[in-house]
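What follows is a set of notes on a single structure, which appears directly below.
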Amino acid sequence: MSRTRCVNMTQMLQKAFEEHYAVGQFNINNVEWTKAVLQVAQETKTPVILGVTSSAATYMGGWNTVVGLVNGLMEDLDITVPVALHVDHGGSYEICKAAIDAGFTSVMIDGSHLPLDENIAVVKKVVDYAHPRGVSVEAELGRVGGQEDGAMVAENMYAIPEECVRLVNDTHVDFLAPALGSVHGPYHGKPKLGFKEMKEIADLVKIPLVLHGGSGIPDEQLHMAIERGTAKININTECQQAWTGVVREILSTNDKVYDPRKIIGPGAEKGIKKVVVEKATTFGSLGKATY
Ligand code: 13P
């Protein structure tokens, strides 16, 4: 196997931004899961982003394991649609560098918990390492509430438009995730997103925006986000819930089954595939891999 077939997110998100749809980032956890996302993408001609947090990478073996897994599937399944392999919530320059060196095509450097100047400094350092290597970079400002990788994160905090402009101008980052009321994990009550602020930020920074915490946001709100410059929407929880629902059903209705392929395989075939098709349809990205 020679080089990766994965691409960075630049072209796919620029196209989505210009044509007013969003590409889905689906977080992956294992081979069955990854295969299901890739198969749906290929069958429906849909660009996709595979999101991997540090803890998911560690769970699977490490950054090199994930790159090997994804490149192997791309080759064996003959995946020709645009697929980006992206670090989700990279917590430091060293983490992003390790993933890039292993073969990731895109990274998120999450300095959102840092004071603005420190966030800008670390984003710039990652951009300076990533861009010459053809790797795209996403940054975050403000704070997305809820759970992140199993851990509770502080309260929501809205991104401040002037800070977004400074970060984008000073770093030349490719995409910005401004936290505007979305949460990771299940919502308690109806999501209340800052759409006015989203439009204001999009008009100021003029680069594709990213919406974290996409699970559980009603379709009409997702459409409103896309109309306001969001070109990438992250989905993790809904895939996890769909997978677990199918696996739980199998185990609770069949106490003789012991072949793991018959237990976890359907979680991907029936659970993950359904979510990916539904979300890509809602986002407007289904069938957009025609370039
Ligand atoms: P959900 O788990 O709420 O879908 O959020 C996913 C996400 O934003 C990953 O960065």
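In the structure tokens, chains take letters A, B, ... by order of appearance, with residues numbered from 1 within each chain and ligands from 1 in the order shown.
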task: Kindly provide, as a PyMOL selection string, all nucleotide and amino acid residues lying within 8 Å of ligand 1, counting only C-alpha atoms and all ligand atoms.
output: chain A and resi 25-27+51+53+88-89+147-148+182-186+211-216+233-239
message: Can you pull out every residue from region 148-238 of chain A that DSSP, working from the backbone, puts in alpha helix (DSSP H), and format the result as a PyMOL selection string?
response: chain A and resi 161-171+195-205+219-227+237-238
Nearest to Val40 (chain A) by atom-to-atom distance, counting only C-alpha atoms, from A:Asp170, A:Ser252, A:Glu118, A:Ile79: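 Closest residue, counting only C-alpha atoms: A:Ile79.
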field: Residue among A:Ser54, A:Thr171, A:Thr290, A:Thr10 lying closest to Gln42 (chain A), counting only C-alpha atoms
entry: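 Closest to Gln42 (chain A) of all the choices is A:Thr290.
Taking only C-alpha atoms, the non-local environment of region 280-289 of chain A within 8 Å (same-chain residues fewer than 2 positions away omitted) comprises Ala16, Tyr21, Ala22, Val23, Gly24, Thr44, Lys45, Thr46, Pro47, Val81, Pro82, Asp219, Leu222, His223, Ile226, Val276, Val277, Glu278 and Tyr291 of chain A.
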message: One number please: CA of Lys273 (chain A) to CA of Val37 (chain A), in Å, one decimal.
response: 6.4 Å
query: Hey, what's within 9 Å of Met74 (chain A) if we count only C-alpha atoms and toss same-chain stuff fewer than 5 positions away? As a list in words, please?
result: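 My list of contacting residues is Thr4, Arg5, Cys6, Lys35, Leu38, Leu69, Ile79, Thr80 and Val83 of chain A.
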message: As an exercise, work out the distance from CA of Ala159 (chain A) to CA of Arg143 (chain A) in Å and give it to one decimal place.
response: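 Answer for the CA of Ala159 (chain A) to CA of Arg143 (chain A) separation: 7.3 Å.
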- request: Step one, run DSSP on the backbone; step two, keep only residues of region 10-202 of chain A assigned to strand (DSSP E or B); then write them as JSON, numbers by chain.
  value: {"A": [23, 24, 25, 26, 27, 48, 49, 50, 51, 52, 83, 84, 85, 86, 87, 88, 89, 90, 106, 107, 108, 109, 136, 137, 138, 139, 140, 141, 143, 145, 146, 147, 148, 151, 152, 153, 157, 175, 176, 177, 178, 183, 184]}
Would you give me, as a tab-separated table, each residue of region 4-32 of chain A having an atom within 7 Å of an atom of region 92-111 of chain A, along with its shortest atom pair and that distance in Å to one decimal, using only C-alpha atoms and sorting by chain and residue number?
```
residue	atom	partner	partner_atom	distance
A:Cys6	CA	A:Thr105	CA	6.7
A:Val7	CA	A:Thr105	CA	5.9
A:Asn8	CA	A:Thr105	CA	4.8
A:Met9	CA	A:Ser106	CA	6.6
```
Preceding selection exported with C-alpha atoms as a short mmCIF file (atom, residue, chain, number, x, y, z; two decimals), in the first residue's frame:
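selection-v2.cif, written as the output of this step:
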```cif
data_model
loop_
_atom_site.label_atom_id
_atom_site.label_comp_id
_atom_site.auth_asym_id
_atom_site.auth_seq_id
_atom_site.Cartn_x
_atom_site.Cartn_y
_atom_site.Cartn_z
CA CYS A 6 -7.52 10.45 2.16
CA VAL A 7 -7.64 14.16 1.42
CA ASN A 8 -7.60 17.23 3.66
CA MET A 9 -10.83 19.13 4.34
#
```
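The smallest atom-to-atom distance between Ala84 (chain A) and any of A:Ser112, A:Gln11, A:Ala139, A:Val168, using only C-alpha atoms, is found for A:Gln11.
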statement: CA of Thr244 (chain A) sits from CA of Thr34 (chain A) at a separation of 15.4 Å
field: Nearest to Gly271 (chain A), chosen from A:Tyr129, A:Trp33, A:Phe175, A:Phe17, with only C-alpha atoms counted in the distances
entry: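 Among the listed residues, A:Trp33 lies closest to Gly271 (chain A).
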message: With distances taken over only C-alpha atoms, which residue among A:Arg166, A:Lys190, A:His131, A:His20 lies nearest Ile217 (chain A)?
response: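 The answer is A:Lys190, which sits nearest to Ile217 (chain A).
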message: Show me, as number ranges by chain, the residues that have an atom within 6 Å of Leu209 (chain A) when counting only C-alpha atoms, minus same-chain residues fewer than 2 positions from it.
response: A: 175-177, 229-231
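Closest approach to Glu18 (chain A) among A:Gly91, A:Pro208, A:Gly68, A:Gly189: A:Pro208, based on only C-alpha atoms.
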